[in-house]
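S.K.: My structure file data_11.cif, mmCIF, C-alpha atoms, is below:
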```cif
data_final
loop_
_atom_site.label_atom_id
_atom_site.label_comp_id
_atom_site.auth_asym_id
_atom_site.auth_seq_id
_atom_site.Cartn_x
_atom_site.Cartn_y
_atom_site.Cartn_z
CA MET R 1 88.33 121.22 100.92
CA LYS R 2 88.19 124.73 99.49
CA PHE R 3 91.23 126.55 98.21
CA GLN R 4 90.85 130.33 98.64
CA ILE R 5 92.35 132.58 95.98
CA LEU R 6 95.21 134.90 96.90
CA VAL R 7 94.92 138.31 95.18
CA SER R 8 97.69 140.89 95.31
CA GLY R 9 96.99 144.15 97.11
CA VAL R 10 97.38 146.20 93.89
CA ALA R 11 94.93 144.06 91.91
CA PHE R 12 92.42 144.08 94.75
CA ALA R 13 92.56 147.87 95.10
CA ALA R 14 92.01 148.36 91.37
CA LEU R 15 88.87 146.25 91.52
CA SER R 16 87.45 147.31 94.88
CA ALA R 17 85.80 150.51 93.66
CA HIS R 18 83.81 148.83 90.89
CA ALA R 19 83.50 145.13 90.12
CA GLN R 20 85.13 142.95 92.77
CA LEU R 21 85.38 139.26 91.87
CA ASN R 22 85.89 136.21 94.05
CA VAL R 23 87.08 133.05 92.23
CA GLU R 24 86.83 129.69 93.91
CA LEU R 25 87.98 126.22 92.79
CA SER R 26 87.57 123.22 95.10
CA THR R 27 87.65 119.41 95.14
CA GLN R 28 85.85 116.93 97.34
CA ALA R 29 89.06 115.25 98.57
CA GLU R 30 91.82 117.05 100.45
CA ASN R 31 94.61 115.38 98.46
CA PRO R 32 92.93 114.09 95.29
CA SER R 33 94.58 111.47 93.11
CA ILE R 34 93.88 109.71 89.82
CA LYS R 35 94.76 106.07 89.18
CA LYS R 36 97.35 105.18 86.57
CA GLU R 37 94.55 103.81 84.32
CA GLY R 38 92.98 107.28 84.26
CA GLY R 39 89.83 108.67 85.80
CA VAL R 40 87.78 111.77 86.45
CA LEU R 41 88.58 114.62 88.82
CA GLU R 42 85.40 116.26 90.12
CA VAL R 43 85.75 119.98 90.81
CA GLN R 44 83.48 122.87 91.77
CA LYS R 45 84.16 126.21 90.04
CA SER R 46 82.43 129.49 90.84
CA VAL R 47 82.81 133.24 90.40
CA THR R 48 81.00 135.84 92.55
CA ASN R 49 80.70 139.57 91.87
CA THR R 50 80.98 141.16 95.33
CA GLY R 51 81.36 144.70 93.93
CA THR R 52 78.80 147.40 93.04
CA ASP R 53 79.02 147.38 89.23
CA ASN R 54 78.17 144.83 86.54
CA ALA R 55 81.05 142.63 85.41
CA ALA R 56 81.70 141.27 81.92
CA ILE R 57 84.13 138.37 82.26
CA LYS R 58 85.55 135.37 80.47
CA VAL R 59 86.11 132.14 82.40
CA TYR R 60 88.46 129.38 81.33
CA SER R 61 90.51 126.51 82.78
CA HIS R 62 93.72 124.69 81.96
CA LEU R 63 95.89 121.86 83.25
CA ILE R 64 99.63 122.01 83.93
CA PHE R 65 101.40 118.68 83.28
CA PRO R 66 104.25 117.36 85.47
CA ASP R 67 106.76 118.59 82.85
CA GLY R 68 105.25 122.10 82.84
CA LYS R 69 103.32 121.83 79.57
CA THR R 70 99.80 123.27 79.37
CA TYR R 71 96.62 121.43 78.39
CA VAL R 72 93.39 123.44 77.83
CA ASP R 73 90.39 121.31 78.73
CA ALA R 74 87.57 123.71 77.71
CA LEU R 75 86.99 126.83 75.56
CA PRO R 76 86.52 130.19 77.36
CA ALA R 77 82.94 131.20 78.17
CA GLU R 78 81.62 134.77 78.39
CA VAL R 79 79.62 135.60 81.50
CA TYR R 80 77.88 138.79 82.72
CA LEU R 81 77.44 139.19 86.47
CA ALA R 82 75.33 141.81 88.26
CA PRO R 83 76.42 143.00 91.73
CA GLY R 84 76.03 140.14 94.21
CA GLU R 85 75.46 137.56 91.45
CA SER R 86 77.39 134.24 91.27
CA TYR R 87 78.24 131.97 88.37
CA GLN R 88 78.52 128.21 88.95
CA ASP R 89 80.49 126.60 86.14
CA SER R 90 78.72 123.49 84.83
CA ASN R 91 82.02 122.01 83.56
CA MET R 92 82.75 120.10 86.80
CA LEU R 93 84.49 116.98 85.46
CA LEU R 94 88.11 116.88 84.33
CA ASP R 95 88.78 113.72 82.32
CA VAL R 96 92.32 112.41 82.92
CA PRO R 97 92.99 109.58 80.42
CA ALA R 98 95.44 106.73 80.89
CA SER R 99 97.74 108.31 78.27
CA PHE R 100 98.53 111.25 80.57
CA PRO R 101 101.91 110.74 82.29
CA ARG R 102 102.15 109.98 85.98
CA GLY R 103 103.16 112.75 88.35
CA SER R 104 101.95 115.95 90.00
CA TYR R 105 99.40 118.14 88.18
CA SER R 106 97.88 121.55 88.86
CA TYR R 107 94.43 122.49 87.57
CA HIS R 108 93.71 126.22 87.17
CA TYR R 109 90.44 128.14 86.92
CA SER R 110 90.80 131.75 85.70
CA VAL R 111 88.66 134.81 85.17
CA TYR R 112 89.46 137.61 82.70
CA ASN R 113 87.77 140.91 83.55
CA GLN R 114 87.01 142.60 80.22
CA GLN R 115 86.63 146.07 81.80
CA ASN R 116 90.14 146.36 83.23
CA SER R 117 92.03 143.35 81.78
CA GLN R 118 92.65 141.87 85.23
CA ILE R 119 93.10 138.09 85.50
CA LEU R 120 92.26 136.22 88.69
CA SER R 121 92.94 132.51 89.22
CA ASP R 122 92.55 129.69 91.70
CA SER R 123 94.08 126.22 91.45
CA VAL R 124 94.15 122.72 92.93
CA THR R 125 96.78 120.01 92.70
CA PHE R 126 96.42 116.27 92.29
CA GLU R 127 98.56 113.20 91.66
CA LYS R 128 98.27 110.67 88.85
CA LYS R 129 99.90 107.66 90.35
CA SER R 130 99.93 104.02 91.24
CA ARG R 131 100.31 103.64 95.00
CA ILE R 132 101.96 100.33 95.83
CA ILE R 133 100.13 98.52 98.63
CA ASP R 134 102.03 95.26 98.84
CA VAL R 135 104.77 93.16 97.26
CA ASP R 136 104.75 89.47 98.10
CA VAL R 137 106.98 86.51 97.25
CA SER R 138 105.63 83.02 97.90
CA HIS R 139 107.02 79.71 96.68
CA ASP R 140 107.86 80.32 92.98
CA ILE R 141 105.85 83.50 92.32
CA ALA R 142 106.05 87.20 93.11
CA CYS R 143 103.14 89.65 93.13
CA GLY R 144 102.79 93.41 93.29
CA THR R 145 99.58 95.19 94.31
CA ASP R 146 98.49 98.78 93.81
CA MET R 147 95.15 100.55 94.15
CA THR R 148 93.87 99.08 90.90
CA GLY R 149 94.75 95.40 91.24
CA THR R 150 97.47 92.79 91.47
CA LEU R 151 99.93 91.48 88.89
CA CYS R 152 101.89 88.27 89.52
CA TRP R 153 104.77 86.65 87.68
CA LYS R 154 106.49 83.28 87.90
CA LEU R 155 110.04 83.50 89.18
CA THR R 156 111.01 80.56 86.94
CA ASP R 157 110.20 82.07 83.56
CA GLY R 158 108.75 85.55 84.21
CA THR R 159 105.26 84.64 82.92
CA GLN R 160 102.77 87.28 84.11
CA TYR R 161 99.18 86.70 85.18
CA MET R 162 96.34 88.34 87.08
CA PRO R 163 95.74 86.32 90.25
CA THR R 164 92.05 87.24 90.47
CA PRO R 165 89.28 86.22 88.05
CA GLU R 166 88.75 89.91 87.27
CA PRO R 167 90.46 93.15 88.36
CA ILE R 168 89.76 94.39 91.91
CA PHE R 169 89.80 98.14 92.51
CA ASP R 170 90.37 100.18 95.68
CA ILE R 171 92.17 97.40 97.54
CA ARG R 172 92.82 98.19 101.21
CA ASP R 173 94.90 95.10 102.01
CA ILE R 174 95.78 91.83 100.32
CA ALA R 175 97.28 88.44 101.21
CA LEU R 176 98.19 85.77 98.68
CA ASN R 177 100.35 82.76 97.96
CA ASN R 178 100.85 80.39 95.07
CA LYS R 179 97.47 78.69 95.58
CA ALA R 180 95.03 81.34 96.77
CA GLY R 181 94.48 84.84 98.01
CA CYS R 182 92.08 87.26 99.69
CA ALA R 183 91.72 91.03 99.47
CA ILE R 184 89.87 93.62 101.52
CA VAL R 185 87.83 95.87 99.23
CA GLY R 186 85.96 98.50 101.21
CA LYS R 187 84.31 96.48 103.99
CA GLU R 188 84.14 93.31 101.92
CA VAL R 189 86.55 90.35 101.80
CA LYS R 190 86.99 88.68 98.40
CA CYS R 191 88.88 85.40 98.01
CA TRP R 192 90.04 83.31 95.06
CA GLU R 193 92.05 80.20 94.21
CA ASN R 194 94.66 79.73 91.48
CA ARG R 195 94.94 76.60 89.36
CA HIS R 196 98.33 76.34 87.69
CA SER R 197 98.89 74.42 84.49
CA ARG R 198 101.91 74.22 82.25
CA ASP R 199 101.14 77.34 80.19
CA LYS R 200 98.53 79.34 82.14
CA VAL R 201 97.01 80.16 85.51
CA ASP R 202 93.23 80.01 86.01
CA SER R 203 91.83 82.06 88.88
CA LEU R 204 88.40 81.28 90.34
CA TRP R 205 86.41 83.15 92.98
CA LYS R 206 86.13 81.19 96.21
CA PRO R 207 83.19 81.88 98.55
CA LEU R 208 83.86 82.42 102.24
CA PRO R 209 82.78 79.67 104.65
CA ARG R 210 79.09 79.76 105.51
CA GLY R 211 78.32 82.08 108.40
CA LEU R 212 81.55 84.07 108.10
CA THR R 213 80.84 87.82 107.89
CA PHE R 214 82.88 90.98 108.44
CA THR R 215 82.02 94.34 109.95
CA ASP R 216 85.13 96.46 109.31
CA PRO R 217 88.10 94.34 108.11
CA GLN R 218 91.43 96.15 108.29
CA ARG R 219 94.22 93.58 107.69
CA ILE R 220 94.39 90.11 106.17
CA PHE R 221 97.05 87.36 106.30
CA VAL R 222 97.57 84.04 104.48
CA ALA R 223 99.57 80.90 105.15
CA HIS R 224 102.71 80.38 103.08
CA LYS R 225 101.60 77.29 101.17
CA ASN R 226 97.89 76.66 101.77
CA ASP R 227 94.54 78.40 101.81
CA SER R 228 94.33 79.32 105.50
CA PHE R 229 93.57 82.94 106.28
CA CYS R 230 93.26 85.30 109.25
CA ALA R 231 91.82 88.82 109.26
CA ILE R 232 91.62 91.64 111.78
CA ASP R 233 88.00 92.77 111.91
CA SER R 234 86.78 95.48 114.32
CA GLY R 235 89.53 94.70 116.83
CA GLU R 236 88.98 90.93 116.64
CA ILE R 237 90.96 88.14 114.94
CA VAL R 238 88.95 85.92 112.58
CA CYS R 239 90.45 82.86 110.85
CA TRP R 240 89.21 80.33 108.31
CA SER R 241 90.43 77.71 105.82
CA SER R 242 89.27 74.69 103.86
CA GLY R 243 90.51 72.49 106.71
CA LYS R 244 89.92 72.39 110.45
CA TRP R 245 89.24 76.10 110.86
CA ASN R 246 85.79 76.15 109.30
CA PRO R 247 83.12 77.62 111.61
CA GLY R 248 81.88 75.01 114.06
CA ALA R 249 85.21 73.22 114.47
CA VAL R 250 86.76 72.75 117.93
CA ASN R 251 89.47 75.39 118.11
CA THR R 252 91.40 77.35 120.69
CA ALA R 253 90.28 80.97 120.53
CA PRO R 254 92.57 83.79 119.33
CA PRO R 255 93.36 86.71 121.66
CA LYS R 256 91.51 89.98 121.38
CA TYR R 257 93.63 91.96 118.92
CA SER R 258 92.66 95.39 120.30
CA GLU R 259 94.08 94.44 123.72
CA LEU R 260 97.53 93.36 122.48
CA LYS R 261 100.48 95.72 122.98
CA ASN R 262 102.46 96.38 119.78
CA PRO R 263 101.23 93.28 117.93
CA SER R 264 103.15 91.96 114.93
CA ASP R 265 101.69 90.58 111.75
CA ILE R 266 99.81 87.31 112.12
CA GLU R 267 101.74 84.21 111.04
CA VAL R 268 99.35 81.61 109.61
CA GLY R 269 99.84 77.84 109.32
CA ARG R 270 97.64 74.99 108.09
CA TYR R 271 95.80 74.37 111.34
CA GLY R 272 96.71 77.35 113.47
CA ALA R 273 98.23 80.81 113.69
CA CYS R 274 100.38 82.87 116.07
CA ILE R 275 101.03 86.51 116.82
CA ARG R 276 103.94 88.18 118.63
CA HIS R 277 103.46 91.13 120.98
CA ASP R 278 105.26 92.84 123.87
CA ASN R 279 103.89 90.39 126.45
CA GLY R 280 104.73 87.18 124.63
CA ILE R 281 103.33 84.99 121.88
CA ASP R 282 99.77 83.77 121.46
CA CYS R 283 98.75 80.88 119.20
CA TRP R 284 95.32 79.50 118.33
CA GLY R 285 93.58 77.12 115.96
CA ALA R 286 92.65 73.43 115.86
CA LYS R 287 93.27 71.67 119.18
CA LYS R 288 94.18 68.35 117.61
CA VAL R 289 95.20 66.96 114.23
CA ASN R 290 95.32 63.17 113.83
CA ASN R 291 94.73 62.90 117.60
CA LYS R 292 97.88 64.90 118.34
CA PRO R 293 97.98 68.36 119.99
CA THR R 294 98.88 71.21 117.65
CA PHE R 295 101.15 74.19 118.28
CA ALA R 296 97.98 76.15 119.06
CA VAL R 297 97.72 74.22 122.34
CA GLU R 298 101.32 73.83 123.50
CA VAL R 299 102.77 77.37 123.39
CA PRO R 300 106.09 77.91 125.23
CA ILE R 301 106.63 81.00 127.34
CA PHE R 302 108.63 83.75 125.61
CA THR R 303 109.94 86.93 127.22
CA ASN R 304 110.61 89.89 124.91
CA PRO R 305 110.03 87.86 121.71
CA THR R 306 111.83 89.23 118.67
CA TYR R 307 111.14 86.59 116.02
CA LEU R 308 108.26 84.33 115.01
CA ILE R 309 107.61 81.99 112.10
CA VAL R 310 104.75 79.57 111.48
CA ALA R 311 104.91 76.81 108.86
CA TYR R 312 102.60 73.98 107.87
CA ASN R 313 102.14 72.40 111.31
CA TYR R 314 104.82 73.90 113.56
CA ALA R 315 105.95 77.28 114.90
CA CYS R 316 109.27 78.69 116.08
CA ALA R 317 110.03 81.85 118.02
CA LYS R 318 112.93 83.61 119.72
CA GLY R 319 112.92 85.43 123.04
CA ASP R 320 115.17 85.94 126.07
CA GLU R 321 114.94 82.19 126.61
CA GLY R 322 116.43 81.48 123.18
CA VAL R 323 114.80 79.78 120.20
CA LYS R 324 111.98 77.32 120.80
CA CYS R 325 109.84 75.40 118.31
#
```
Let me see whether you can do it: turn the structure in this file into structure tokens.

M.R.:
Amino acid sequence: MKFQILVSGVAFAALSAHAQLNVELSTQAENPSIKKEGGVLEVQKSVTNTGTDNAAIKVYSHLIFPDGKTYVDALPAEVYLAPGESYQDSNMLLDVPASFPRGSYSYHYSVYNQQNSQILSDSVTFEKKSRIIDVDVSHDIACGTDMTGTLCWKLTDGTQYMPTPEPIFDIRDIALNNKAGCAIVGKEVKCWENRHSRDKVDSLWKPLPRGLTFTDPQRIFVAHKNDSFCAIDSGEIVCWSSGKWNPGAVNTAPPKYSELKNPSDIEVGRYGACIRHDNGIDCWGAKKVNNKPTFAVEVPIFTNPTYLIVAYNYACAKGDEGVKC
């Protein structure tokens, strides 16, 4: 997106008869942001002499911090422009270190005209922030996720740990519990398992079941106490686990997610999952466990359902008919 400079009528009139300058500063993203760990803001800076005379100018840039203080990122450069000539500034990368405070910044690109002492400027704004994606509490742990990763802590003693073997960046969605987790990173799904000992937590990457691929995963859900997962991928519901949901097992099929009206989050259990929507409740998963039908097979009728919970091997919901499990 390009941000056009606004020049006052007086300043423009003073320049129009001789050297008329157009200053332009732009970024690739409409609302750029930098992660809390720091990063680089890529900008394009240019000056064009649209007048009829040569122009001797100085170009420089500076950064305004959230508290109003000024940071100069580069020394001024002297440039001479003939009529119709443009200058493309090669200093296109603004380094924003982790030590810079979080908040709203403005980056300014200015031109000083040495003939008439006029100063023209253009600016862009960006945020240095940590956008929270998810906060989850499961069993005896709590986890918080932002764009740069996830940090978990034990509710018993406050011990902190990273739930993944290494940091994951640009997380779109995440689902985790005390034992395992999965995250959507771009169009890829990454999963891991956690092994708890007395004084530490070891996290190990866990490959997806053979044959399981994703086209455009958007949301992901996990069971409360086991490593069963469901994801929404290109309007379809896909589920897997280390148990009866592996590809090739005999399961009841999930509904087509894109056809549901106002669907809720997916509630995942050990051998099945359910979803609430305006027309009722759908469940799916393994047909039988230990030769007994699962809740994926025997789903009661609910009108206007307002509540749904799925546990290890049972489900409960509430509708106009009352609560049924």

S.K.: Residues picked by the PyMOL selection byres ((chain R and resi 158) around 12) here, as a short mmCIF file (atom, residue, chain, number, x, y, z; two decimals) with C-alpha atoms, in the frame of the given file?

M.R.:
```
data_model
loop_
_atom_site.label_atom_id
_atom_site.label_comp_id
_atom_site.auth_asym_id
_atom_site.auth_seq_id
_atom_site.Cartn_x
_atom_site.Cartn_y
_atom_site.Cartn_z
CA ASP R 140 107.86 80.32 92.98
CA ILE R 141 105.85 83.50 92.32
CA ALA R 142 106.05 87.20 93.11
CA CYS R 143 103.14 89.65 93.13
CA LEU R 151 99.93 91.48 88.89
CA CYS R 152 101.89 88.27 89.52
CA TRP R 153 104.77 86.65 87.68
CA LYS R 154 106.49 83.28 87.90
CA LEU R 155 110.04 83.50 89.18
CA THR R 156 111.01 80.56 86.94
CA ASP R 157 110.20 82.07 83.56
CA THR R 159 105.26 84.64 82.92
CA GLN R 160 102.77 87.28 84.11
CA TYR R 161 99.18 86.70 85.18
CA ASP R 199 101.14 77.34 80.19
#
```

S.K.: On this structure, which residues satisfy the PyMOL selection byres ((chain R and resi 305) around 9), written as a list of chain:residue names?

M.R.: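 When the PyMOL selection byres ((chain R and resi 305) around 9) is applied, the selected residues are R:Arg276, R:His277, R:Asp278, R:Asn279, R:Gly280, R:Ile281, R:Phe302, R:Thr303, R:Asn304, R:Thr306, R:Tyr307, R:Leu308, R:Ala317, R:Lys318, R:Gly319, R:Asp320, R:Glu321.
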
S.K.: CA of Gly235 (chain R) to CA of Leu176 (chain R): how many Å, to one decimal?

M.R.: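 These two atoms are separated by 22.0 Å.
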
S.K.: Rounded to one decimal, what separation in Å do you get between CA of Arg198 (chain R) and CA of Ile171 (chain R)?

M.R.: 29.4 Å

S.K.: Can you spell out as a PyMOL selection string the set of residues that the PyMOL selection byres ((chain R and resi 221-231) around 8) selects in the structure I just provided?

M.R.: chain R and resi 138-139+174-182+217-220+232-233+237-243+265-271+311-312

S.K.: Since we have the selection now, will you write its residues out, keeping C-alpha atoms, as an mmCIF file, keeping the file's coordinate frame?

M.R.:
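Saved result, result-v4.cif, follows:
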```
data_model
loop_
_atom_site.group_PDB
_atom_site.id
_atom_site.type_symbol
_atom_site.label_atom_id
_atom_site.label_comp_id
_atom_site.auth_asym_id
_atom_site.auth_seq_id
_atom_site.Cartn_x
_atom_site.Cartn_y
_atom_site.Cartn_z
ATOM 1 C CA SER R 138 105.630 83.020 97.900
ATOM 2 C CA HIS R 139 107.020 79.710 96.680
ATOM 3 C CA ILE R 174 95.780 91.830 100.320
ATOM 4 C CA ALA R 175 97.280 88.440 101.210
ATOM 5 C CA LEU R 176 98.190 85.770 98.680
ATOM 6 C CA ASN R 177 100.350 82.760 97.960
ATOM 7 C CA ASN R 178 100.850 80.390 95.070
ATOM 8 C CA LYS R 179 97.470 78.690 95.580
ATOM 9 C CA ALA R 180 95.030 81.340 96.770
ATOM 10 C CA GLY R 181 94.480 84.840 98.010
ATOM 11 C CA CYS R 182 92.080 87.260 99.690
ATOM 12 C CA PRO R 217 88.100 94.340 108.110
ATOM 13 C CA GLN R 218 91.430 96.150 108.290
ATOM 14 C CA ARG R 219 94.220 93.580 107.690
ATOM 15 C CA ILE R 220 94.390 90.110 106.170
ATOM 16 C CA ILE R 232 91.620 91.640 111.780
ATOM 17 C CA ASP R 233 88.000 92.770 111.910
ATOM 18 C CA ILE R 237 90.960 88.140 114.940
ATOM 19 C CA VAL R 238 88.950 85.920 112.580
ATOM 20 C CA CYS R 239 90.450 82.860 110.850
ATOM 21 C CA TRP R 240 89.210 80.330 108.310
ATOM 22 C CA SER R 241 90.430 77.710 105.820
ATOM 23 C CA SER R 242 89.270 74.690 103.860
ATOM 24 C CA GLY R 243 90.510 72.490 106.710
ATOM 25 C CA ASP R 265 101.690 90.580 111.750
ATOM 26 C CA ILE R 266 99.810 87.310 112.120
ATOM 27 C CA GLU R 267 101.740 84.210 111.040
ATOM 28 C CA VAL R 268 99.350 81.610 109.610
ATOM 29 C CA GLY R 269 99.840 77.840 109.320
ATOM 30 C CA ARG R 270 97.640 74.990 108.090
ATOM 31 C CA TYR R 271 95.800 74.370 111.340
ATOM 32 C CA ALA R 311 104.910 76.810 108.860
ATOM 33 C CA TYR R 312 102.600 73.980 107.870
#
```

S.K.: Taking all atoms listed in the file into account, name the residue in R:Asp89, R:Asp216, R:Glu42, R:Asp282 that is nearest to Ser110 (chain R).

M.R.: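 Nearest to Ser110 (chain R): R:Asp89.
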
S.K.: In Å, rounded to a single decimal, give me how far CA of Asp170 (chain R) is from CA of Ser61 (chain R).

M.R.: 29.3 Å

S.K.: Residues within 7 Å of region 129-135 of chain R, please, as a VMD selection string. Count only C-alpha atoms; anything in the same chain fewer than 4 positions from it doesn't count.

M.R.: chain R and resid 34 to 36 102 to 103 143 to 147

S.K.: Could you pull the residues within 8 Å of Ile168 (chain R), counting all atoms listed in the file, minus those fewer than 3 positions along the same chain, as an NGL selection string?

M.R.: :R and (148-150 or 164 or 171 or 185)

S.K.: Do you know which residues are at most 8 Å from Leu94 (chain R) counting all atoms listed in the file, after dropping those on the same chain fewer than 4 positions away, and could you put them as JSON, numbers by chain?

M.R.: {"R": [40, 41, 42, 43, 73]}

S.K.: Compile the contact shell of Pro255 (chain R) as a list in words: residues with an atom at most 10 Å away, counting only C-alpha atoms, same-chain residues fewer than 6 positions apart removed.

M.R.: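 Listing them by chain and then by number gives Glu236, Ile237, Cys274, Ile275, Asp282, Cys283 and Trp284 of chain R.
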
S.K.: Could you name the residues that touch Tyr87 (chain R) at 12 Å or less, counting only C-alpha atoms, but leaving out those on the same chain fewer than 2 positions away, as a PDB file with C-alpha atoms, keeping the file's coordinate frame?

M.R.:
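What landed in result.pdb:
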```pdb
ATOM      1  CA  LEU R  21      85.380 139.260  91.870  1.00  0.00           C
ATOM      2  CA  ASN R  22      85.890 136.210  94.050  1.00  0.00           C
ATOM      3  CA  VAL R  23      87.080 133.050  92.230  1.00  0.00           C
ATOM      4  CA  GLU R  24      86.830 129.690  93.910  1.00  0.00           C
ATOM      5  CA  GLN R  44      83.480 122.870  91.770  1.00  0.00           C
ATOM      6  CA  LYS R  45      84.160 126.210  90.040  1.00  0.00           C
ATOM      7  CA  SER R  46      82.430 129.490  90.840  1.00  0.00           C
ATOM      8  CA  VAL R  47      82.810 133.240  90.400  1.00  0.00           C
ATOM      9  CA  THR R  48      81.000 135.840  92.550  1.00  0.00           C
ATOM     10  CA  ASN R  49      80.700 139.570  91.870  1.00  0.00           C
ATOM     11  CA  THR R  50      80.980 141.160  95.330  1.00  0.00           C
ATOM     12  CA  ALA R  55      81.050 142.630  85.410  1.00  0.00           C
ATOM     13  CA  ALA R  56      81.700 141.270  81.920  1.00  0.00           C
ATOM     14  CA  ILE R  57      84.130 138.370  82.260  1.00  0.00           C
ATOM     15  CA  LYS R  58      85.550 135.370  80.470  1.00  0.00           C
ATOM     16  CA  VAL R  59      86.110 132.140  82.400  1.00  0.00           C
ATOM     17  CA  ALA R  77      82.940 131.200  78.170  1.00  0.00           C
ATOM     18  CA  GLU R  78      81.620 134.770  78.390  1.00  0.00           C
ATOM     19  CA  VAL R  79      79.620 135.600  81.500  1.00  0.00           C
ATOM     20  CA  TYR R  80      77.880 138.790  82.720  1.00  0.00           C
ATOM     21  CA  LEU R  81      77.440 139.190  86.470  1.00  0.00           C
ATOM     22  CA  ALA R  82      75.330 141.810  88.260  1.00  0.00           C
ATOM     23  CA  PRO R  83      76.420 143.000  91.730  1.00  0.00           C
ATOM     24  CA  GLY R  84      76.030 140.140  94.210  1.00  0.00           C
ATOM     25  CA  GLU R  85      75.460 137.560  91.450  1.00  0.00           C
ATOM     26  CA  ASP R  89      80.490 126.600  86.140  1.00  0.00           C
ATOM     27  CA  SER R  90      78.720 123.490  84.830  1.00  0.00           C
ATOM     28  CA  ASN R  91      82.020 122.010  83.560  1.00  0.00           C
ATOM     29  CA  VAL R 111      88.660 134.810  85.170  1.00  0.00           C
TER      30      VAL R 111
END
```

S.K.: Region 122-135 of chain R, all listed atoms, 5 Å padding on each side: what axis-aligned box centre and edge lengths in Å to one decimal come out, as JSON?

M.R.:
```
{"center_x": 98.7, "center_y": 111.4, "center_z": 93.8, "size_x": 22.2, "size_y": 46.5, "size_z": 20.0}
```

S.K.: My list of candidates is R:Ser121, R:Ser104, R:Ser26, R:Ser33. Which is closest to Tyr60 (chain R) when distances are computed with all atoms listed in the file?

M.R.: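 The shortest atom-to-atom distance to Tyr60 (chain R) comes from R:Ser121.
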